[in-house]
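Visitor: Here you go, one structure.
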Amino acid sequence: MSDTILIVEDEEKLARFIELELLHEGYQVKKAYDGRTGLMMAEGGEADLVLLDIMLPQLNGLEVLRRLRKASELPVILLTARDEVMDKVAGLDGGADDYITKPFAIEELLARIRVALKKSRAGKNGISRKKEEELIFGKLTMDLAAHQVFVGQQEVVLTNREFTLLEVLLKNKNIVLSRDTLMEKVCGYDYVGETNVIDVYVRYLRGKIDDPFQMHVISTVRGVGYVIRDEE
């Protein structure tokens with residue numbers, strides 16, 4: 001039997017678009033257009049995962065999440081139009097499994113749903129997460145399922161593109177990746193913008209990881225691109 005996804009989203013056109021994509025992928029779908037109805041449906045065991053908008057009438061998404069977490073570990077992915085760090089932190093601290101910022105690519109949302117459902121099933125079966133869901137480099141740990149990065153016990157908050165860039169480099173450790181290759185993987189084939197965007201994101205990562213924690217993670221290969229090399 002296929003998994004059921006509950007969409008709690010007051011933008012009806014967006015909810016319908018997500019519904020059609022999920023149906024095409026073989027999921028069953030239920031919808032609610034306000035927080036109170038969504039909470040009632042989620043608590044009633046009508047879904048295997050909830051896509052929960054933050055800005056909702058009657059009860060906002062963070063309040064729905066807070067009440068739901070009192071009695072349920074149902075996977076929740078937050079949908080938000082706000083790209084503020086504190087919104088993401090509040091959602092993750094409140095028990096959300098993941099978040100995605102509007103506008104988003106449907107392929108990314110589907111991937112996050114698969115990860116959340118897989119993690120939920122593993123937890124129900126008492127199975128620990130597979131090692132491939134974590135990438136480790138020295139003191140740095142990248143939790144792909146939770147979309148979090150830690151240096152030691154301290155979390156490092158990254159934007160989606162910073163996270164993706166670090167993930168790509170870690171998955172291709174010891175392989176020098178050109179700026180063009182990184183651009184395609186991080187920004188997409190149809191990206192139109194500054195050509196030095198990868199250099200900018202590398203600088204941001206160094207500012208968030210290398211400098212505060214006295215690490216050297218990403219190496220520059222002049223005239224080619226970037227690489228993360230095994231620590232000596």
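Labels for the structure tokens follow display order: chains A, B, ..., residues from 1 in each chain, ligands from 1.
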DSSP says alpha helix (DSSP H) for which residues of segment 94-214 of chain A? Put them as an mmCIF file with N, CA, C and O atoms, in the first residue's frame?
Guide:
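For reference, selection.cif as written:
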```
data_model
loop_
_atom_site.group_PDB
_atom_site.id
_atom_site.type_symbol
_atom_site.label_atom_id
_atom_site.label_comp_id
_atom_site.auth_asym_id
_atom_site.auth_seq_id
_atom_site.Cartn_x
_atom_site.Cartn_y
_atom_site.Cartn_z
ATOM 1 N N ILE A 106 10.144 20.715 -7.631
ATOM 2 C CA ILE A 106 9.366 19.567 -7.163
ATOM 3 C C ILE A 106 10.260 18.345 -6.964
ATOM 4 O O ILE A 106 10.023 17.526 -6.072
ATOM 5 N N GLU A 107 11.318 18.231 -7.764
ATOM 6 C CA GLU A 107 12.232 17.093 -7.616
ATOM 7 C C GLU A 107 12.900 17.108 -6.246
ATOM 8 O O GLU A 107 13.113 16.057 -5.637
ATOM 9 N N GLU A 108 13.247 18.303 -5.761
ATOM 10 C CA GLU A 108 13.865 18.408 -4.442
ATOM 11 C C GLU A 108 12.872 18.019 -3.353
ATOM 12 O O GLU A 108 13.210 17.297 -2.405
ATOM 13 N N LEU A 109 11.628 18.486 -3.480
ATOM 14 C CA LEU A 109 10.610 18.128 -2.498
ATOM 15 C C LEU A 109 10.389 16.622 -2.471
ATOM 16 O O LEU A 109 10.307 16.017 -1.395
ATOM 17 N N LEU A 110 10.302 16.003 -3.636
ATOM 18 C CA LEU A 110 10.102 14.551 -3.692
ATOM 19 C C LEU A 110 11.265 13.809 -3.040
ATOM 20 O O LEU A 110 11.060 12.805 -2.335
ATOM 21 N N ALA A 111 12.467 14.298 -3.261
ATOM 22 C CA ALA A 111 13.640 13.657 -2.651
ATOM 23 C C ALA A 111 13.587 13.769 -1.133
ATOM 24 O O ALA A 111 13.890 12.809 -0.412
ATOM 25 N N ARG A 112 13.187 14.920 -0.631
ATOM 26 C CA ARG A 112 13.104 15.118 0.813
ATOM 27 C C ARG A 112 12.004 14.244 1.423
ATOM 28 O O ARG A 112 12.149 13.742 2.548
ATOM 29 N N ILE A 113 10.914 14.066 0.694
ATOM 30 C CA ILE A 113 9.840 13.187 1.161
ATOM 31 C C ILE A 113 10.341 11.755 1.266
ATOM 32 O O ILE A 113 10.092 11.056 2.255
ATOM 33 N N ARG A 114 11.067 11.300 0.241
ATOM 34 C CA ARG A 114 11.591 9.930 0.271
ATOM 35 C C ARG A 114 12.510 9.712 1.463
ATOM 36 O O ARG A 114 12.450 8.677 2.138
ATOM 37 N N VAL A 115 13.384 10.692 1.718
ATOM 38 C CA VAL A 115 14.323 10.573 2.834
ATOM 39 C C VAL A 115 13.574 10.525 4.163
ATOM 40 O O VAL A 115 13.871 9.703 5.039
ATOM 41 N N ALA A 116 12.586 11.420 4.331
ATOM 42 C CA ALA A 116 11.840 11.474 5.590
ATOM 43 C C ALA A 116 11.058 10.192 5.838
ATOM 44 O O ALA A 116 11.011 9.680 6.961
ATOM 45 N N LEU A 117 10.446 9.647 4.797
ATOM 46 C CA LEU A 117 9.687 8.403 4.947
ATOM 47 C C LEU A 117 10.613 7.232 5.252
ATOM 48 O O LEU A 117 10.305 6.371 6.081
ATOM 49 N N LYS A 118 11.752 7.218 4.584
ATOM 50 C CA LYS A 118 12.729 6.146 4.822
ATOM 51 C C LYS A 118 13.233 6.195 6.259
ATOM 52 O O LYS A 118 13.337 5.160 6.937
ATOM 53 N N LYS A 119 13.529 7.390 6.726
ATOM 54 C CA LYS A 119 14.001 7.564 8.094
ATOM 55 C C LYS A 119 12.922 7.145 9.095
ATOM 56 O O LYS A 119 13.208 6.500 10.105
ATOM 57 N N SER A 120 11.678 7.492 8.803
ATOM 58 C CA SER A 120 10.575 7.138 9.695
ATOM 59 C C SER A 120 10.390 5.633 9.777
ATOM 60 O O SER A 120 10.213 5.064 10.861
ATOM 61 N N ARG A 121 10.439 4.959 8.630
ATOM 62 C CA ARG A 121 10.278 3.503 8.625
ATOM 63 C C ARG A 121 11.422 2.822 9.368
ATOM 64 O O ARG A 121 11.230 1.841 10.084
ATOM 65 N N ALA A 122 12.645 3.363 9.186
ATOM 66 C CA ALA A 122 13.792 2.789 9.886
ATOM 67 C C ALA A 122 13.628 2.924 11.388
ATOM 68 O O ALA A 122 13.932 2.008 12.157
ATOM 69 N N GLY A 123 13.123 4.085 11.827
ATOM 70 C CA GLY A 123 12.912 4.295 13.247
ATOM 71 C C GLY A 123 11.865 3.355 13.815
ATOM 72 O O GLY A 123 12.014 2.807 14.908
ATOM 73 N N LYS A 124 10.782 3.133 13.066
ATOM 74 C CA LYS A 124 9.728 2.232 13.536
ATOM 75 C C LYS A 124 10.224 0.797 13.646
ATOM 76 O O LYS A 124 9.777 0.035 14.489
ATOM 77 N N ASN A 160 20.534 26.577 1.580
ATOM 78 C CA ASN A 160 20.361 25.382 0.747
ATOM 79 C C ASN A 160 21.529 25.198 -0.218
ATOM 80 O O ASN A 160 22.020 24.079 -0.401
ATOM 81 N N ARG A 161 21.978 26.276 -0.843
ATOM 82 C CA ARG A 161 23.067 26.150 -1.823
ATOM 83 C C ARG A 161 24.401 25.877 -1.144
ATOM 84 O O ARG A 161 25.224 25.120 -1.675
ATOM 85 N N GLU A 162 24.630 26.469 -0.008
ATOM 86 C CA GLU A 162 25.856 26.162 0.733
ATOM 87 C C GLU A 162 25.863 24.686 1.137
ATOM 88 O O GLU A 162 26.887 24.008 1.017
ATOM 89 N N PHE A 163 24.724 24.201 1.600
ATOM 90 C CA PHE A 163 24.600 22.798 1.999
ATOM 91 C C PHE A 163 24.868 21.886 0.805
ATOM 92 O O PHE A 163 25.623 20.908 0.898
ATOM 93 N N THR A 164 24.247 22.199 -0.342
ATOM 94 C CA THR A 164 24.415 21.371 -1.535
ATOM 95 C C THR A 164 25.856 21.366 -2.007
ATOM 96 O O THR A 164 26.396 20.319 -2.381
ATOM 97 N N LEU A 165 26.497 22.527 -2.001
ATOM 98 C CA LEU A 165 27.901 22.612 -2.428
ATOM 99 C C LEU A 165 28.787 21.756 -1.531
ATOM 100 O O LEU A 165 29.625 20.969 -2.021
ATOM 101 N N LEU A 166 28.601 21.856 -0.225
ATOM 102 C CA LEU A 166 29.405 21.063 0.702
ATOM 103 C C LEU A 166 29.134 19.573 0.510
ATOM 104 O O LEU A 166 30.065 18.751 0.525
ATOM 105 N N GLU A 167 27.882 19.223 0.301
ATOM 106 C CA GLU A 167 27.516 17.814 0.083
ATOM 107 C C GLU A 167 28.191 17.253 -1.164
ATOM 108 O O GLU A 167 28.746 16.153 -1.153
ATOM 109 N N VAL A 168 28.138 18.012 -2.266
ATOM 110 C CA VAL A 168 28.738 17.555 -3.527
ATOM 111 C C VAL A 168 30.236 17.347 -3.358
ATOM 112 O O VAL A 168 30.797 16.338 -3.798
ATOM 113 N N LEU A 169 30.897 18.289 -2.703
ATOM 114 C CA LEU A 169 32.344 18.174 -2.515
ATOM 115 C C LEU A 169 32.696 16.999 -1.604
ATOM 116 O O LEU A 169 33.659 16.274 -1.859
ATOM 117 N N LEU A 170 31.917 16.781 -0.547
ATOM 118 C CA LEU A 170 32.196 15.664 0.356
ATOM 119 C C LEU A 170 31.949 14.317 -0.317
ATOM 120 O O LEU A 170 32.679 13.353 -0.089
ATOM 121 N N LYS A 171 30.909 14.245 -1.138
ATOM 122 C CA LYS A 171 30.613 12.993 -1.833
ATOM 123 C C LYS A 171 31.650 12.680 -2.910
ATOM 124 O O LYS A 171 31.759 11.541 -3.356
ATOM 125 N N ARG A 179 34.581 24.530 -11.616
ATOM 126 C CA ARG A 179 33.521 25.478 -11.265
ATOM 127 C C ARG A 179 32.263 25.218 -12.079
ATOM 128 O O ARG A 179 31.151 25.347 -11.571
ATOM 129 N N ASP A 180 32.427 24.867 -13.362
ATOM 130 C CA ASP A 180 31.257 24.587 -14.202
ATOM 131 C C ASP A 180 30.485 23.376 -13.693
ATOM 132 O O ASP A 180 29.248 23.387 -13.641
ATOM 133 N N THR A 181 31.210 22.328 -13.301
ATOM 134 C CA THR A 181 30.550 21.132 -12.760
ATOM 135 C C THR A 181 29.802 21.467 -11.479
ATOM 136 O O THR A 181 28.643 21.067 -11.284
ATOM 137 N N LEU A 182 30.435 22.212 -10.598
ATOM 138 C CA LEU A 182 29.804 22.604 -9.347
ATOM 139 C C LEU A 182 28.600 23.510 -9.593
ATOM 140 O O LEU A 182 27.583 23.400 -8.915
ATOM 141 N N MET A 183 28.728 24.387 -10.579
ATOM 142 C CA MET A 183 27.624 25.281 -10.912
ATOM 143 C C MET A 183 26.390 24.481 -11.317
ATOM 144 O O MET A 183 25.264 24.767 -10.894
ATOM 145 N N GLU A 184 26.596 23.461 -12.160
ATOM 146 C CA GLU A 184 25.481 22.635 -12.622
ATOM 147 C C GLU A 184 24.834 21.890 -11.460
ATOM 148 O O GLU A 184 23.606 21.810 -11.366
ATOM 149 N N LYS A 185 25.663 21.348 -10.561
ATOM 150 C CA LYS A 185 25.132 20.543 -9.462
ATOM 151 C C LYS A 185 24.470 21.392 -8.384
ATOM 152 O O LYS A 185 23.503 20.974 -7.748
ATOM 153 N N VAL A 186 24.984 22.583 -8.174
ATOM 154 C CA VAL A 186 24.481 23.427 -7.096
ATOM 155 C C VAL A 186 23.357 24.347 -7.555
ATOM 156 O O VAL A 186 22.357 24.516 -6.859
ATOM 157 N N CYS A 187 23.516 24.936 -8.743
ATOM 158 C CA CYS A 187 22.561 25.946 -9.204
ATOM 159 C C CYS A 187 21.621 25.455 -10.296
ATOM 160 O O CYS A 187 20.621 26.109 -10.596
ATOM 161 N N VAL A 197 29.623 32.614 -8.793
ATOM 162 C CA VAL A 197 28.762 32.258 -7.667
ATOM 163 C C VAL A 197 29.374 31.142 -6.811
ATOM 164 O O VAL A 197 29.258 31.151 -5.584
ATOM 165 N N ILE A 198 30.061 30.181 -7.431
ATOM 166 C CA ILE A 198 30.673 29.094 -6.663
ATOM 167 C C ILE A 198 31.775 29.640 -5.766
ATOM 168 O O ILE A 198 31.898 29.245 -4.597
ATOM 169 N N ASP A 199 32.588 30.559 -6.280
ATOM 170 C CA ASP A 199 33.627 31.183 -5.460
ATOM 171 C C ASP A 199 33.009 31.886 -4.248
ATOM 172 O O ASP A 199 33.555 31.836 -3.142
ATOM 173 N N VAL A 200 31.862 32.518 -4.474
ATOM 174 C CA VAL A 200 31.185 33.229 -3.388
ATOM 175 C C VAL A 200 30.726 32.254 -2.315
ATOM 176 O O VAL A 200 30.940 32.469 -1.117
ATOM 177 N N TYR A 201 30.122 31.114 -2.745
ATOM 178 C CA TYR A 201 29.623 30.144 -1.761
ATOM 179 C C TYR A 201 30.770 29.442 -1.029
ATOM 180 O O TYR A 201 30.646 29.111 0.153
ATOM 181 N N VAL A 202 31.882 29.211 -1.719
ATOM 182 C CA VAL A 202 33.055 28.652 -1.041
ATOM 183 C C VAL A 202 33.532 29.623 0.041
ATOM 184 O O VAL A 202 33.867 29.217 1.162
ATOM 185 N N ARG A 203 33.533 30.897 -0.289
ATOM 186 C CA ARG A 203 33.948 31.909 0.692
ATOM 187 C C ARG A 203 33.000 31.924 1.894
ATOM 188 O O ARG A 203 33.438 32.016 3.047
ATOM 189 N N TYR A 204 31.708 31.804 1.620
ATOM 190 C CA TYR A 204 30.733 31.752 2.718
ATOM 191 C C TYR A 204 30.976 30.538 3.613
ATOM 192 O O TYR A 204 30.923 30.630 4.841
ATOM 193 N N LEU A 205 31.226 29.368 2.988
ATOM 194 C CA LEU A 205 31.469 28.148 3.762
ATOM 195 C C LEU A 205 32.715 28.287 4.629
ATOM 196 O O LEU A 205 32.730 27.866 5.792
ATOM 197 N N ASP A 211 37.042 29.361 9.411
ATOM 198 C CA ASP A 211 37.513 30.437 10.279
ATOM 199 C C ASP A 211 37.089 30.246 11.736
ATOM 200 O O ASP A 211 37.943 30.289 12.632
ATOM 201 N N PRO A 212 35.792 29.999 12.020
ATOM 202 C CA PRO A 212 35.395 29.877 13.432
ATOM 203 C C PRO A 212 35.969 28.648 14.127
ATOM 204 O O PRO A 212 36.229 28.684 15.333
ATOM 205 N N PHE A 213 36.159 27.557 13.376
ATOM 206 C CA PHE A 213 36.573 26.304 14.001
ATOM 207 C C PHE A 213 38.027 25.928 13.687
ATOM 208 O O PHE A 213 38.471 24.827 14.006
#
```
Visitor: Which polymer residues have any atom within 6 Å of an atom of segment 217-219 of chain A, counting only C-alpha atoms, with same-chain residues fewer than 4 positions away left out, as a PDB file with N, CA, C and O atoms, in the first residue's frame?
Guide:
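Generated output (part23.pdb):
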```pdb
ATOM      1  N   TYR A 226      37.620  23.230  -7.162  1.00  0.00           N
ATOM      2  CA  TYR A 226      37.745  22.990  -5.727  1.00  0.00           C
ATOM      3  C   TYR A 226      37.703  21.500  -5.417  1.00  0.00           C
ATOM      4  O   TYR A 226      37.171  20.692  -6.188  1.00  0.00           O
ATOM      5  N   VAL A 227      38.253  21.152  -4.224  1.00  0.00           N
ATOM      6  CA  VAL A 227      38.288  19.753  -3.805  1.00  0.00           C
ATOM      7  C   VAL A 227      38.346  19.684  -2.279  1.00  0.00           C
ATOM      8  O   VAL A 227      38.886  20.591  -1.630  1.00  0.00           O
ATOM      9  N   ILE A 228      37.773  18.649  -1.723  1.00  0.00           N
ATOM     10  CA  ILE A 228      37.980  18.316  -0.325  1.00  0.00           C
ATOM     11  C   ILE A 228      38.851  17.061  -0.315  1.00  0.00           C
ATOM     12  O   ILE A 228      38.479  16.032  -0.867  1.00  0.00           O
TER      13      ILE A 228
END
```
Visitor: In Å, how far is it from atom CA of Ser72 of chain A to atom CA of Leu51 of chain A?
Guide: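 Atom CA of Leu51 of chain A lies 15.0 Å from atom CA of Ser72 of chain A.
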Visitor: Give me the residues within 12 Å of segment 19-21 of chain A as a list in words, counting only C-alpha atoms and dropping any in the same chain fewer than 2 places off.
Guide: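 Result of the neighbour search: Thr4, Ile5, Leu6, Ile7, Val8, Glu9, Glu12, Lys13, Leu14, Ala15, Arg16, Phe17, Leu23, His24, Glu25, Gly26, Tyr27, Gln28, Val29, Lys30, Lys31, Ala32, Leu51, Ala105, Ile106, Glu107, Leu109 and Leu110 of chain A.
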Visitor: Write the selection just made, keeping N, CA, C and O atoms, as a CSV table (one decimal), in the first residue's frame?
Guide:
```csv
chain,number,residue,atom,x,y,z
A,4,THR,N,0.6,7.8,2.4
A,4,THR,CA,-0.3,8.9,2.3
A,4,THR,C,0.4,10.2,2.7
A,4,THR,O,0.9,10.2,3.8
A,5,ILE,N,0.3,11.2,1.9
A,5,ILE,CA,0.9,12.5,2.2
A,5,ILE,C,-0.2,13.5,2.5
A,5,ILE,O,-1.2,13.6,1.7
A,6,LEU,N,-0.2,14.1,3.7
A,6,LEU,CA,-1.1,15.2,4.0
A,6,LEU,C,-0.5,16.5,3.7
A,6,LEU,O,0.6,16.9,4.2
A,7,ILE,N,-1.1,17.3,2.8
A,7,ILE,CA,-0.7,18.6,2.5
A,7,ILE,C,-1.5,19.6,3.3
A,7,ILE,O,-2.7,19.7,3.1
A,8,VAL,N,-0.9,20.4,4.1
A,8,VAL,CA,-1.5,21.5,4.9
A,8,VAL,C,-1.0,22.8,4.3
A,8,VAL,O,0.1,23.3,4.7
A,9,GLU,N,-1.8,23.4,3.4
A,9,GLU,CA,-1.3,24.6,2.7
A,9,GLU,C,-2.5,25.4,2.3
A,9,GLU,O,-3.5,24.9,1.7
A,12,GLU,N,-4.4,27.3,-2.4
A,12,GLU,CA,-5.0,26.1,-3.0
A,12,GLU,C,-4.4,25.7,-4.4
A,12,GLU,O,-4.3,24.5,-4.7
A,13,LYS,N,-3.9,26.6,-5.2
A,13,LYS,CA,-3.3,26.3,-6.4
A,13,LYS,C,-2.0,25.5,-6.2
A,13,LYS,O,-1.7,24.6,-6.9
A,14,LEU,N,-1.2,26.0,-5.2
A,14,LEU,CA,0.1,25.3,-4.9
A,14,LEU,C,-0.2,23.9,-4.3
A,14,LEU,O,0.4,22.9,-4.7
A,15,ALA,N,-1.2,23.8,-3.5
A,15,ALA,CA,-1.6,22.5,-2.9
A,15,ALA,C,-2.0,21.5,-4.0
A,15,ALA,O,-1.7,20.4,-4.0
A,16,ARG,N,-2.8,22.0,-5.0
A,16,ARG,CA,-3.2,21.2,-6.1
A,16,ARG,C,-2.0,20.8,-6.9
A,16,ARG,O,-2.0,19.6,-7.4
A,17,PHE,N,-1.1,21.7,-7.2
A,17,PHE,CA,0.1,21.3,-8.0
A,17,PHE,C,0.9,20.2,-7.3
A,17,PHE,O,1.3,19.2,-7.9
A,23,LEU,N,0.5,12.4,-6.7
A,23,LEU,CA,-0.3,11.3,-7.3
A,23,LEU,C,0.4,10.6,-8.4
A,23,LEU,O,0.4,9.4,-8.6
A,24,HIS,N,1.2,11.5,-9.2
A,24,HIS,CA,1.9,10.9,-10.3
A,24,HIS,C,3.0,10.0,-9.8
A,24,HIS,O,3.4,9.0,-10.5
A,25,GLU,N,3.6,10.3,-8.6
A,25,GLU,CA,4.6,9.4,-8.1
A,25,GLU,C,4.1,8.2,-7.3
A,25,GLU,O,4.8,7.4,-6.8
A,26,GLY,N,2.8,8.1,-7.3
A,26,GLY,CA,2.1,6.9,-6.7
A,26,GLY,C,1.7,7.1,-5.2
A,26,GLY,O,1.3,6.1,-4.6
A,27,TYR,N,1.8,8.3,-4.7
A,27,TYR,CA,1.4,8.5,-3.3
A,27,TYR,C,-0.1,8.7,-3.3
A,27,TYR,O,-0.7,9.1,-4.2
A,28,GLN,N,-0.7,8.4,-2.1
A,28,GLN,CA,-2.1,8.9,-1.8
A,28,GLN,C,-2.0,10.3,-1.2
A,28,GLN,O,-1.0,10.6,-0.5
A,29,VAL,N,-3.0,11.1,-1.4
A,29,VAL,CA,-2.9,12.5,-1.0
A,29,VAL,C,-4.1,12.9,-0.3
A,29,VAL,O,-5.3,12.6,-0.7
A,30,LYS,N,-4.0,13.7,0.9
A,30,LYS,CA,-5.1,14.4,1.5
A,30,LYS,C,-4.6,15.8,1.7
A,30,LYS,O,-3.4,16.1,1.8
A,31,LYS,N,-5.6,16.7,1.8
A,31,LYS,CA,-5.3,18.1,1.9
A,31,LYS,C,-6.1,18.8,3.0
A,31,LYS,O,-7.2,18.4,3.3
A,32,ALA,N,-5.5,19.8,3.6
A,32,ALA,CA,-6.2,20.7,4.5
A,32,ALA,C,-5.7,22.1,4.2
A,32,ALA,O,-4.6,22.3,3.9
A,51,LEU,N,3.2,17.6,4.8
A,51,LEU,CA,3.8,18.8,4.3
A,51,LEU,C,3.1,20.0,4.9
A,51,LEU,O,1.9,20.2,4.6
A,105,ALA,N,12.0,23.4,-6.3
A,105,ALA,CA,11.8,22.4,-7.4
A,105,ALA,C,11.1,21.2,-6.9
A,105,ALA,O,11.4,20.7,-5.8
A,106,ILE,N,10.1,20.7,-7.6
A,106,ILE,CA,9.4,19.6,-7.2
A,106,ILE,C,10.3,18.3,-7.0
A,106,ILE,O,10.0,17.5,-6.1
A,107,GLU,N,11.3,18.2,-7.8
A,107,GLU,CA,12.2,17.1,-7.6
A,107,GLU,C,12.9,17.1,-6.2
A,107,GLU,O,13.1,16.1,-5.6
A,109,LEU,N,11.6,18.5,-3.5
A,109,LEU,CA,10.6,18.1,-2.5
A,109,LEU,C,10.4,16.6,-2.5
A,109,LEU,O,10.3,16.0,-1.4
A,110,LEU,N,10.3,16.0,-3.6
A,110,LEU,CA,10.1,14.6,-3.7
A,110,LEU,C,11.3,13.8,-3.0
A,110,LEU,O,11.1,12.8,-2.3
```
Visitor: Pick out the residues sitting within 7 Å of Leu79 of chain A, and hand them over as a PyMOL selection string; count only C-alpha atoms, and ignore anything fewer than 5 positions along from it in its own chain.
Guide: chain A and resi 51-54+99-102
Visitor: Convert the current residue selection to file output with N, CA, C and O atoms, as a PDB file, in the first residue's frame.
Guide:
```pdb
ATOM      1  N   LEU A  51       3.192  17.597   4.837  1.00  0.00           N
ATOM      2  CA  LEU A  51       3.815  18.787   4.260  1.00  0.00           C
ATOM      3  C   LEU A  51       3.082  19.971   4.868  1.00  0.00           C
ATOM      4  O   LEU A  51       1.903  20.184   4.597  1.00  0.00           O
ATOM      5  N   LEU A  52       3.768  20.745   5.697  1.00  0.00           N
ATOM      6  CA  LEU A  52       3.113  21.732   6.549  1.00  0.00           C
ATOM      7  C   LEU A  52       3.620  23.140   6.262  1.00  0.00           C
ATOM      8  O   LEU A  52       4.784  23.457   6.502  1.00  0.00           O
ATOM      9  N   ASP A  53       2.725  23.981   5.751  1.00  0.00           N
ATOM     10  CA  ASP A  53       3.072  25.382   5.533  1.00  0.00           C
ATOM     11  C   ASP A  53       3.189  26.086   6.881  1.00  0.00           C
ATOM     12  O   ASP A  53       2.481  25.736   7.835  1.00  0.00           O
ATOM     13  N   ILE A  54       4.064  27.073   6.992  1.00  0.00           N
ATOM     14  CA  ILE A  54       4.195  27.805   8.250  1.00  0.00           C
ATOM     15  C   ILE A  54       3.098  28.858   8.388  1.00  0.00           C
ATOM     16  O   ILE A  54       2.467  28.979   9.435  1.00  0.00           O
ATOM     17  N   TYR A  99      12.827  21.002   6.116  1.00  0.00           N
ATOM     18  CA  TYR A  99      12.124  22.183   5.641  1.00  0.00           C
ATOM     19  C   TYR A  99      12.531  22.424   4.199  1.00  0.00           C
ATOM     20  O   TYR A  99      13.584  21.977   3.745  1.00  0.00           O
ATOM     21  N   ILE A 100      11.687  23.145   3.482  1.00  0.00           N
ATOM     22  CA  ILE A 100      12.013  23.537   2.113  1.00  0.00           C
ATOM     23  C   ILE A 100      11.408  24.913   1.875  1.00  0.00           C
ATOM     24  O   ILE A 100      10.293  25.194   2.318  1.00  0.00           O
ATOM     25  N   THR A 101      12.173  25.788   1.244  1.00  0.00           N
ATOM     26  CA  THR A 101      11.753  27.168   1.062  1.00  0.00           C
ATOM     27  C   THR A 101      11.112  27.375  -0.309  1.00  0.00           C
ATOM     28  O   THR A 101      11.661  26.956  -1.323  1.00  0.00           O
ATOM     29  N   LYS A 102       9.951  28.017  -0.328  1.00  0.00           N
ATOM     30  CA  LYS A 102       9.287  28.354  -1.584  1.00  0.00           C
ATOM     31  C   LYS A 102      10.032  29.514  -2.246  1.00  0.00           C
ATOM     32  O   LYS A 102      10.507  30.416  -1.551  1.00  0.00           O
TER      33      LYS A 102
END
```
Visitor: Find the residue from A:Val221, A:Leu68, A:Val156, A:Ile175 that sits nearest to Met40 of chain A; use only C-alpha atoms when measuring.
Guide: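 With only C-alpha atoms as the atom set, the closest residue is A:Leu68.
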Visitor: Separation of atom CA of Ala145 of chain A and atom CA of Gly61 of chain A, in Å?
Guide: 20.9 Å
Visitor: Fewer than 3 positions away in the same chain doesn't count, so skip those; otherwise give me all residues within 8 Å of Leu59 of chain A, counting only C-alpha atoms, as a VMD selection string.
Guide: chain A and resid 34 to 36 56 63 to 64
Visitor: List every residue of segment 16-175 of chain A that DSSP, applied to the backbone of this structure, assigns to strand (DSSP E or B), and report them as a ChimeraX atom specification.
Guide: /A:28-32,49-53,76-80,98-101,134-137,140-143,148-151,154-156
Visitor: Could you check which of A:Ala81, A:Gly207, A:Ala42, A:Gly138 is closest to Phe104 of chain A, using only C-alpha atoms?
Guide: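 Ranked by minimum distance to Phe104 of chain A, first place goes to A:Ala81.
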